[in-house]
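**Student:** Got a file for you: protein_5.cif, mmCIF, C-alpha atoms.
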data_final
loop_
_atom_site.group_PDB
_atom_site.id
_atom_site.type_symbol
_atom_site.label_atom_id
_atom_site.label_comp_id
_atom_site.auth_asym_id
_atom_site.auth_seq_id
_atom_site.Cartn_x
_atom_site.Cartn_y
_atom_site.Cartn_z
ATOM 1 C CA MET A 7 25.665 -1.676 -0.974
ATOM 2 C CA ILE A 8 22.076 -0.833 -0.055
ATOM 3 C CA GLY A 9 21.329 1.562 2.783
ATOM 4 C CA LEU A 10 17.939 0.771 4.359
ATOM 5 C CA VAL A 11 16.643 3.896 6.126
ATOM 6 C CA GLY A 12 13.829 3.041 8.540
ATOM 7 C CA ALA A 13 14.839 -0.607 8.779
ATOM 8 C CA SER A 14 12.947 -1.333 12.014
ATOM 9 C CA GLY A 15 9.418 -0.558 10.759
ATOM 10 C CA PHE A 16 6.896 -2.906 9.148
ATOM 11 C CA ILE A 17 8.085 -2.444 5.568
ATOM 12 C CA GLY A 18 11.729 -1.946 6.581
ATOM 13 C CA ARG A 19 11.845 -5.236 8.516
ATOM 14 C CA SER A 20 10.145 -7.007 5.617
ATOM 15 C CA ILE A 21 12.699 -5.700 3.120
ATOM 16 C CA ALA A 22 15.509 -6.660 5.507
ATOM 17 C CA ASP A 23 14.141 -10.214 5.735
ATOM 18 C CA HIS A 24 14.137 -10.397 1.935
ATOM 19 C CA LEU A 25 17.742 -9.184 1.739
ATOM 20 C CA ASN A 26 18.792 -11.573 4.542
ATOM 21 C CA ALA A 27 17.316 -14.559 2.707
ATOM 22 C CA ARG A 28 19.376 -13.693 -0.371
ATOM 23 C CA ASP A 29 22.514 -12.709 1.529
ATOM 24 C CA VAL A 30 22.445 -9.220 0.029
ATOM 25 C CA PRO A 31 24.698 -6.851 2.012
ATOM 26 C CA TYR A 32 23.080 -3.695 3.376
ATOM 27 C CA ALA A 33 23.331 -1.103 6.122
ATOM 28 C CA ALA A 34 20.351 -1.093 8.509
ATOM 29 C CA LEU A 35 19.699 2.466 9.669
ATOM 30 C CA MET A 36 17.065 3.175 12.328
ATOM 31 C CA ARG A 37 16.182 5.354 15.297
ATOM 32 C CA GLN A 38 16.659 2.667 17.968
ATOM 33 C CA PRO A 39 19.266 0.066 17.001
ATOM 34 C CA ASP A 40 19.496 -1.039 20.655
ATOM 35 C CA ALA A 41 15.993 -2.526 20.377
ATOM 36 C CA VAL A 42 16.806 -4.803 17.423
ATOM 37 C CA PRO A 43 15.495 -8.379 17.970
ATOM 38 C CA ASP A 44 17.995 -11.221 17.735
ATOM 39 C CA GLY A 45 18.448 -12.472 14.185
ATOM 40 C CA ALA A 46 16.610 -9.537 12.611
ATOM 41 C CA PHE A 47 19.364 -8.191 10.342
ATOM 42 C CA THR A 48 21.651 -11.146 9.658
ATOM 43 C CA SER A 49 23.199 -9.908 6.397
ATOM 44 C CA ALA A 50 23.534 -6.288 7.502
ATOM 45 C CA LYS A 51 27.097 -5.028 7.246
ATOM 46 C CA ARG A 52 26.223 -2.229 9.622
ATOM 47 C CA ILE A 53 23.415 -1.511 12.097
ATOM 48 C CA ALA A 54 23.470 2.157 13.019
ATOM 49 C CA ARG A 55 21.413 4.777 14.800
ATOM 50 C CA PHE A 56 20.009 7.242 12.293
ATOM 51 C CA ALA A 57 17.180 9.757 12.492
ATOM 52 C CA ILE A 58 16.007 11.673 9.425
ATOM 53 C CA GLY A 59 16.436 15.427 9.756
ATOM 54 C CA GLY A 60 18.520 17.680 11.964
ATOM 55 C CA ASP A 61 22.113 16.762 12.694
ATOM 56 C CA MET A 62 22.443 13.607 10.581
ATOM 57 C CA ASP A 63 25.587 11.503 10.489
ATOM 58 C CA LYS A 64 26.535 11.201 6.811
ATOM 59 C CA ALA A 65 29.078 8.506 7.733
ATOM 60 C CA ALA A 66 26.103 6.125 7.997
ATOM 61 C CA PHE A 67 26.122 6.058 4.190
ATOM 62 C CA ASP A 68 29.782 5.130 3.775
ATOM 63 C CA GLY A 69 29.941 2.473 1.045
ATOM 64 C CA VAL A 70 26.230 2.890 0.199
ATOM 65 C CA ASP A 71 25.378 3.468 -3.455
ATOM 66 C CA THR A 72 21.616 2.787 -3.223
ATOM 67 C CA ALA A 73 19.497 4.244 -0.418
ATOM 68 C CA VAL A 74 16.041 2.772 0.236
ATOM 69 C CA LEU A 75 13.985 5.373 2.112
ATOM 70 C CA VAL A 76 11.286 3.645 4.142
ATOM 71 C CA GLY A 77 11.154 5.603 7.398
ATOM 72 C CA TRP A 78 8.106 7.809 7.970
ATOM 73 C CA ALA A 79 7.011 9.436 11.219
ATOM 74 C CA THR A 80 3.239 9.183 10.660
ATOM 75 C CA LYS A 81 0.798 6.471 9.575
ATOM 76 C CA PRO A 82 -2.153 6.464 7.160
ATOM 77 C CA GLY A 83 -5.410 7.436 8.820
ATOM 78 C CA SER A 84 -3.765 9.114 11.813
ATOM 79 C CA GLU A 85 -3.421 12.871 12.103
ATOM 80 C CA HIS A 86 -0.398 14.407 13.829
ATOM 81 C CA GLY A 87 -1.154 18.095 13.719
ATOM 82 C CA GLY A 88 -2.631 17.991 10.218
ATOM 83 C CA PHE A 89 -0.721 19.444 7.294
ATOM 84 C CA PRO A 90 1.634 21.606 9.412
ATOM 85 C CA GLY A 91 2.466 18.544 11.512
ATOM 86 C CA GLU A 92 3.167 16.445 8.416
ATOM 87 C CA ILE A 93 5.512 19.105 7.081
ATOM 88 C CA GLY A 94 7.384 19.303 10.373
ATOM 89 C CA LEU A 95 7.568 15.568 11.020
ATOM 90 C CA ASN A 96 8.297 14.328 7.490
ATOM 91 C CA VAL A 97 8.617 16.826 4.628
ATOM 92 C CA ARG A 98 11.178 19.126 6.229
ATOM 93 C CA PRO A 99 13.347 16.268 7.613
ATOM 94 C CA TYR A 100 13.331 14.581 4.193
ATOM 95 C CA THR A 101 14.445 17.753 2.419
ATOM 96 C CA GLU A 102 17.295 17.962 4.927
ATOM 97 C CA LEU A 103 18.119 14.312 4.205
ATOM 98 C CA LEU A 104 18.276 14.991 0.467
ATOM 99 C CA THR A 105 20.675 17.866 1.078
ATOM 100 C CA ASP A 106 22.961 15.660 3.149
ATOM 101 C CA LEU A 107 22.780 12.706 0.750
ATOM 102 C CA ALA A 108 24.008 14.993 -2.031
ATOM 103 C CA GLU A 109 27.338 15.046 -0.161
ATOM 104 C CA THR A 110 27.623 11.234 -0.049
ATOM 105 C CA GLY A 111 28.350 8.541 -2.623
ATOM 106 C CA VAL A 112 24.679 7.536 -2.928
ATOM 107 C CA GLN A 113 23.754 7.402 -6.611
ATOM 108 C CA HIS A 114 20.267 5.884 -6.503
ATOM 109 C CA LEU A 115 17.347 6.770 -4.222
ATOM 110 C CA ILE A 116 14.410 4.390 -3.822
ATOM 111 C CA PHE A 117 11.594 6.186 -2.007
ATOM 112 C CA ILE A 118 8.685 4.147 -0.641
ATOM 113 C CA SER A 119 5.731 6.464 -1.142
ATOM 114 C CA SER A 120 2.041 5.525 -1.051
ATOM 115 C CA GLY A 121 -0.426 4.361 -3.692
ATOM 116 C CA GLY A 122 -3.882 5.201 -2.377
ATOM 117 C CA ALA A 123 -2.902 8.219 -0.274
ATOM 118 C CA VAL A 124 -0.936 9.973 -3.039
ATOM 119 C CA TYR A 125 -3.564 9.412 -5.750
ATOM 120 C CA GLY A 126 -6.186 10.564 -3.289
ATOM 121 C CA ASN A 127 -9.795 11.118 -4.246
ATOM 122 C CA VAL A 128 -9.895 8.724 -7.200
ATOM 123 C CA ASP A 129 -13.056 6.722 -7.771
ATOM 124 C CA GLN A 130 -13.156 4.900 -11.073
ATOM 125 C CA SER A 131 -13.686 1.436 -12.502
ATOM 126 C CA GLU A 132 -10.281 1.350 -14.243
ATOM 127 C CA ARG A 133 -6.966 0.611 -12.560
ATOM 128 C CA ILE A 134 -4.926 3.704 -11.667
ATOM 129 C CA ASP A 135 -1.639 4.125 -13.500
ATOM 130 C CA GLU A 136 1.359 6.236 -12.499
ATOM 131 C CA ASP A 137 0.444 9.120 -14.812
ATOM 132 C CA HIS A 138 -2.903 9.692 -13.133
ATOM 133 C CA ILE A 139 -3.303 13.103 -11.496
ATOM 134 C CA CYS A 140 -2.455 13.069 -7.770
ATOM 135 C CA THR A 141 -4.977 14.775 -5.483
ATOM 136 C CA PRO A 142 -4.176 13.675 -1.911
ATOM 137 C CA THR A 143 -6.947 14.403 0.577
ATOM 138 C CA THR A 144 -5.007 13.579 3.762
ATOM 139 C CA SER A 145 -1.958 15.143 5.359
ATOM 140 C CA TYR A 146 -0.183 11.760 5.077
ATOM 141 C CA GLY A 147 -0.699 11.653 1.310
ATOM 142 C CA TYR A 148 0.241 15.316 1.000
ATOM 143 C CA GLY A 149 3.533 14.679 2.828
ATOM 144 C CA LYS A 150 4.385 11.722 0.607
ATOM 145 C CA LEU A 151 3.651 13.693 -2.569
ATOM 146 C CA CYS A 152 5.698 16.682 -1.366
ATOM 147 C CA THR A 153 8.660 14.380 -0.753
ATOM 148 C CA GLU A 154 8.237 12.803 -4.198
ATOM 149 C CA LYS A 155 8.381 16.258 -5.777
ATOM 150 C CA ALA A 156 11.427 17.216 -3.709
ATOM 151 C CA ILE A 157 13.242 14.121 -4.981
ATOM 152 C CA GLU A 158 12.230 14.774 -8.585
ATOM 153 C CA GLY A 159 13.157 18.457 -8.416
ATOM 154 C CA PHE A 160 16.365 18.254 -6.389
ATOM 155 C CA TRP A 161 17.917 14.817 -6.822
ATOM 156 C CA ALA A 162 17.590 14.290 -10.586
ATOM 157 C CA PRO A 163 19.325 17.580 -11.520
ATOM 158 C CA LEU A 164 22.368 16.322 -9.602
ATOM 159 C CA GLY A 165 22.734 13.652 -12.281
ATOM 160 C CA ARG A 166 21.690 10.895 -9.891
ATOM 161 C CA ARG A 167 18.899 8.361 -10.206
ATOM 162 C CA TYR A 168 15.649 7.918 -8.314
ATOM 163 C CA THR A 169 12.812 5.402 -8.242
ATOM 164 C CA ILE A 170 9.586 6.262 -6.453
ATOM 165 C CA VAL A 171 7.597 3.164 -5.452
ATOM 166 C CA ARG A 172 3.893 3.633 -4.700
ATOM 167 C CA PRO A 173 2.582 0.556 -2.872
ATOM 168 C CA SER A 174 -1.130 -0.021 -2.368
ATOM 169 C CA ASN A 175 -1.866 -2.025 0.815
ATOM 170 C CA PRO A 176 0.954 -4.424 1.722
ATOM 171 C CA VAL A 177 0.168 -7.171 4.238
ATOM 172 C CA GLY A 178 2.716 -9.159 6.218
ATOM 173 C CA LEU A 179 3.980 -10.617 9.482
ATOM 174 C CA HIS A 180 5.707 -7.539 10.882
ATOM 175 C CA GLN A 181 2.416 -5.687 10.532
ATOM 176 C CA VAL A 182 1.327 -7.488 13.720
ATOM 177 C CA GLN A 183 3.310 -4.853 15.622
ATOM 178 C CA SER A 184 0.946 -2.214 14.200
ATOM 179 C CA ALA A 185 -2.327 -4.107 14.663
ATOM 180 C CA GLY A 186 -5.206 -1.767 15.391
ATOM 181 C CA VAL A 187 -3.286 1.238 14.034
ATOM 182 C CA HIS A 188 -3.463 0.684 10.295
ATOM 183 C CA GLY A 189 -4.194 -2.124 7.868
ATOM 184 C CA LEU A 190 -7.512 -3.893 7.307
ATOM 185 C CA PHE A 191 -6.166 -7.453 7.603
ATOM 186 C CA PRO A 192 -4.460 -7.053 11.005
ATOM 187 C CA SER A 193 -7.380 -4.972 12.325
ATOM 188 C CA VAL A 194 -9.961 -7.618 11.396
ATOM 189 C CA LEU A 195 -7.810 -10.474 12.702
ATOM 190 C CA THR A 196 -7.049 -8.652 15.955
ATOM 191 C CA ALA A 197 -10.762 -8.124 16.582
ATOM 192 C CA MET A 198 -11.647 -11.742 15.807
ATOM 193 C CA LEU A 199 -8.874 -13.270 17.920
ATOM 194 C CA ASN A 200 -9.906 -11.095 20.856
ATOM 195 C CA ASN A 201 -13.611 -11.973 20.471
ATOM 196 C CA ARG A 202 -14.518 -8.424 19.477
ATOM 197 C CA HIS A 203 -16.866 -7.272 16.755
ATOM 198 C CA VAL A 204 -15.415 -6.307 13.385
ATOM 199 C CA ARG A 205 -16.480 -2.800 12.407
ATOM 200 C CA VAL A 206 -17.587 -2.589 8.775
ATOM 201 C CA PHE A 207 -17.959 0.877 7.313
ATOM 202 C CA GLY A 208 -20.929 0.767 4.946
ATOM 203 C CA ASP A 209 -22.041 -2.404 3.198
ATOM 204 C CA GLY A 210 -18.544 -3.905 2.835
ATOM 205 C CA THR A 211 -18.451 -3.612 -0.957
ATOM 206 C CA THR A 212 -15.645 -1.021 -1.005
ATOM 207 C CA VAL A 213 -12.796 -2.380 -3.153
ATOM 208 C CA ARG A 214 -9.093 -1.826 -2.433
ATOM 209 C CA ASP A 215 -5.819 -3.445 -3.529
ATOM 210 C CA TYR A 216 -3.986 -5.788 -1.113
ATOM 211 C CA PHE A 217 -0.767 -7.727 -1.675
ATOM 212 C CA ALA A 218 1.989 -9.494 0.266
ATOM 213 C CA VAL A 219 4.744 -7.263 1.637
ATOM 214 C CA GLU A 220 7.269 -9.908 0.501
ATOM 215 C CA ASP A 221 6.310 -9.047 -3.076
ATOM 216 C CA LEU A 222 6.967 -5.374 -2.344
ATOM 217 C CA ALA A 223 10.393 -6.309 -0.959
ATOM 218 C CA ASP A 224 11.074 -8.321 -4.114
ATOM 219 C CA LEU A 225 10.276 -5.285 -6.278
ATOM 220 C CA VAL A 226 12.563 -3.060 -4.183
ATOM 221 C CA LEU A 227 15.467 -5.474 -4.688
ATOM 222 C CA LYS A 228 14.791 -5.719 -8.427
ATOM 223 C CA VAL A 229 14.762 -1.918 -8.633
ATOM 224 C CA ALA A 230 18.037 -1.725 -6.701
ATOM 225 C CA GLN A 231 19.721 -4.237 -8.991
ATOM 226 C CA SER A 232 18.591 -2.791 -12.340
ATOM 227 C CA ASP A 233 18.419 0.559 -14.117
ATOM 228 C CA GLY A 234 14.900 1.627 -14.975
ATOM 229 C CA GLY A 235 15.872 5.283 -15.211
ATOM 230 C CA ASN A 236 14.175 7.978 -13.161
ATOM 231 C CA THR A 237 10.661 6.680 -12.728
ATOM 232 C CA VAL A 238 7.560 6.270 -10.571
ATOM 233 C CA VAL A 239 6.194 2.757 -10.284
ATOM 234 C CA ASN A 240 3.101 1.242 -8.652
ATOM 235 C CA ALA A 241 3.375 -1.844 -6.450
ATOM 236 C CA ALA A 242 0.178 -3.798 -5.864
ATOM 237 C CA SER A 243 -1.738 -6.934 -6.731
ATOM 238 C CA GLY A 244 -3.391 -5.241 -9.692
ATOM 239 C CA ALA A 245 -6.684 -6.822 -8.640
ATOM 240 C CA GLY A 246 -9.341 -5.486 -6.293
ATOM 241 C CA MET A 247 -10.752 -7.085 -3.171
ATOM 242 C CA SER A 248 -13.811 -5.899 -1.236
ATOM 243 C CA VAL A 249 -13.968 -5.475 2.531
ATOM 244 C CA ASN A 250 -16.393 -8.407 2.677
ATOM 245 C CA GLU A 251 -13.912 -10.574 0.761
ATOM 246 C CA VAL A 252 -11.107 -9.599 3.151
ATOM 247 C CA ILE A 253 -13.279 -10.528 6.135
ATOM 248 C CA GLY A 254 -14.074 -13.839 4.446
ATOM 249 C CA ILE A 255 -10.361 -14.609 4.043
ATOM 250 C CA CYS A 256 -9.815 -13.718 7.707
ATOM 251 C CA GLU A 257 -12.685 -16.002 8.736
ATOM 252 C CA ASP A 258 -11.078 -18.890 6.850
ATOM 253 C CA ALA A 259 -7.722 -18.168 8.502
ATOM 254 C CA VAL A 260 -9.174 -18.008 12.028
ATOM 255 C CA GLY A 261 -11.659 -20.843 11.512
ATOM 256 C CA CYS A 262 -14.815 -19.094 12.639
ATOM 257 C CA ALA A 263 -17.297 -16.439 11.552
ATOM 258 C CA ALA A 264 -16.695 -12.795 12.379
ATOM 259 C CA GLN A 265 -19.182 -10.824 14.434
ATOM 260 C CA ARG A 266 -19.828 -7.723 12.360
ATOM 261 C CA ASP A 267 -20.961 -4.236 13.323
ATOM 262 C CA ILE A 268 -22.375 -2.783 10.104
ATOM 263 C CA LEU A 269 -22.083 1.011 10.122
ATOM 264 C CA MET A 270 -24.156 2.004 7.092
ATOM 265 C CA ASP A 271 -23.865 5.732 7.850
ATOM 266 C CA ARG A 272 -20.099 5.512 7.280
ATOM 267 C CA GLN A 273 -20.042 4.193 3.713
ATOM 268 C CA PRO A 274 -16.653 5.243 2.204
ATOM 269 C CA ASN A 275 -16.824 7.799 -0.598
ATOM 270 C CA ILE A 276 -14.355 5.941 -2.791
ATOM 271 C CA ALA A 277 -15.928 2.691 -3.983
ATOM 272 C CA TYR A 278 -13.021 1.330 -6.043
ATOM 273 C CA ASN A 279 -9.273 1.982 -5.854
ATOM 274 C CA VAL A 280 -6.961 -0.499 -7.607
ATOM 275 C CA LEU A 281 -3.515 0.186 -9.080
ATOM 276 C CA ASN A 282 -2.145 -0.680 -12.514
ATOM 277 C CA ILE A 283 1.172 -2.554 -12.231
ATOM 278 C CA ASP A 284 2.043 -2.876 -15.925
ATOM 279 C CA ARG A 285 5.002 -0.493 -15.617
ATOM 280 C CA ALA A 286 6.613 -2.555 -12.835
ATOM 281 C CA HIS A 287 6.289 -5.648 -14.981
ATOM 282 C CA ARG A 288 7.685 -3.932 -18.074
ATOM 283 C CA LEU A 289 10.644 -2.174 -16.445
ATOM 284 C CA PHE A 290 11.602 -4.666 -13.734
ATOM 285 C CA ASP A 291 10.023 -7.967 -14.825
ATOM 286 C CA TRP A 292 8.048 -7.943 -11.582
ATOM 287 C CA GLN A 293 4.657 -9.214 -10.578
ATOM 288 C CA PRO A 294 3.252 -10.365 -7.229
ATOM 289 C CA THR A 295 3.452 -14.088 -6.540
ATOM 290 C CA ARG A 296 2.088 -14.631 -3.012
ATOM 291 C CA ASP A 297 -1.580 -15.168 -2.165
ATOM 292 C CA VAL A 298 -2.855 -12.888 0.615
ATOM 293 C CA SER A 299 -4.800 -15.862 2.004
ATOM 294 C CA ASP A 300 -1.476 -17.485 2.895
ATOM 295 C CA VAL A 301 -0.292 -14.230 4.476
ATOM 296 C CA ALA A 302 -3.486 -14.042 6.557
ATOM 297 C CA ALA A 303 -2.881 -17.588 7.850
ATOM 298 C CA GLU A 304 0.665 -16.612 8.866
ATOM 299 C CA LEU A 305 -0.656 -13.532 10.654
ATOM 300 C CA VAL A 306 -3.124 -15.653 12.602
ATOM 301 C CA SER A 307 -0.397 -18.064 13.725
ATOM 302 C CA ALA A 308 1.840 -15.180 14.827
ATOM 303 C CA MET A 309 -0.977 -13.444 16.689
ATOM 304 C CA ARG A 310 -1.987 -16.627 18.493
ATOM 305 C CA ARG A 311 1.608 -17.135 19.631
ATOM 306 C CA THR A 312 1.603 -13.575 20.968
ATOM 307 C CA LEU A 313 -1.707 -14.093 22.786
ATOM 308 C CA ARG A 314 -0.384 -17.273 24.405
#
Translate this structure into structure tokens?

**Tutor:**
Amino acid sequence: MIGLVGASGFIGRSIADHLNARDVPYAALMRQPDAVPDGAFTSAKRIARFAIGGDMDKAAFDGVDTAVLVGWATKPGSEHGGFPGEIGLNVRPYTELLTDLAETGVQHLIFISSGGAVYGNVDQSERIDEDHICTPTTSYGYGKLCTEKAIEGFWAPLGRRYTIVRPSNPVGLHQVQSAGVHGLFPSVLTAMLNNRHVRVFGDGTTVRDYFAVEDLADLVLKVAQSDGGNTVVNAASGAGMSVNEVIGICEDAVGCAAQRDILMDRQPNIAYNVLNIDRAHRLFDWQPTRDVSDVAAELVSAMRRTLR
């Protein structure tokens, strides 16, 4: 059985939806199970309160052989006390979790890391593969990389398996809950639907890698159901998209032109950041299938329902 740690967040809910649709049994572990919406975790065998770090209840992992670690206390682009805060909020609790999981029947860890934040200050015209040097420039990326190294250094010597998944920029319905906090698509759509200007840093030619969160969930399930050995794997579209192109997709989804505030003095340093997904295809026969334009249209419909 799969244990989904951090099931109530954007990616956690998206993975749960994917498991529900395929009637895959799992345990949904989260900080606030009392706040679960109706019908959110239909195939969950267990919905339990669980916080990473401190006095953790190892009984939450009874019957779990694969743990998917999604929970994270901070978000990209937001600072919570800098590097010391990241260590206290995420790195230390995760090392405590690894220690406790060593005393359970969990045999396979799937850790949802980060693509852009872990690779860090990479600016090149070629797609970034998993063997590229990691130079995180934010506390968020530093925390993710520290946890990756803890898993590689502590978990593997126990004779157990791990898969580290580095997603680029997933987009999906449950991201609406985080609109304005992180994510270019929900930020642009939120501004447009509220008749606000869309802030564009620089000339809008900065290229990043966006893909549907359902495709990420599909990769996680494929990883859980197969043996790719101990590995790190990128999850992305494998194709770049500029800020201007994202805004264009959002304009099509909303049905009107965006009002743009062009901030030329804030041109991002990294012009191009796209991930190579060949390893995911080779090891897990995976590739993204959904068009982000369709995801944007779904986001618009959900946001309009919320506004009404």

**Student:** What is the atom CA of A:Thr105 to atom CA of A:Val70 distance in Å?

**Tutor:**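 Straight-line distance from atom CA of A:Thr105 to atom CA of A:Val70 works out to 16.0 Å.
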
**Student:** So which one's closest to A:Ile276, A:Asn127, A:Ser174, A:Gln293, A:Asn200? Using all atoms listed in the file, please.

**Tutor:**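 Looking at the shortest contact to A:Ile276, the residue is A:Asn127.
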
**Student:** Expanded to explicit residues, what is the PyMOL selection byres ((chain A and resi 148-165) around 9) for this file, as an NGL selection string?

**Tutor:** :A and (89 or 92-93 or 96-98 or 100-101 or 104-105 or 108 or 113 or 115 or 117-120 or 123-125 or 140-147 or 166-168 or 170 or 236)

**Student:** Could you please determine the separation between atom CA of A:Ala245 and atom CA of A:Val298 in Å, to one decimal place?

**Tutor:** 11.7 Å

**Student:** Restricting the calculation to only C-alpha atoms: of A:Gln273, A:Asp63, A:Glu136, A:Lys81, which residue gets closest to A:Asp106?

**Tutor:**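 So, comparing all the options, the nearest one is A:Asp63.
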
**Student:** So that I can see what lies close to A:Val11, please list as number ranges by chain the residues with an atom at most 9 Å from it, counting only C-alpha atoms and leaving out residues fewer than 6 positions away in the same chain.

**Tutor:** A: 18, 33-36, 56-58, 73-77
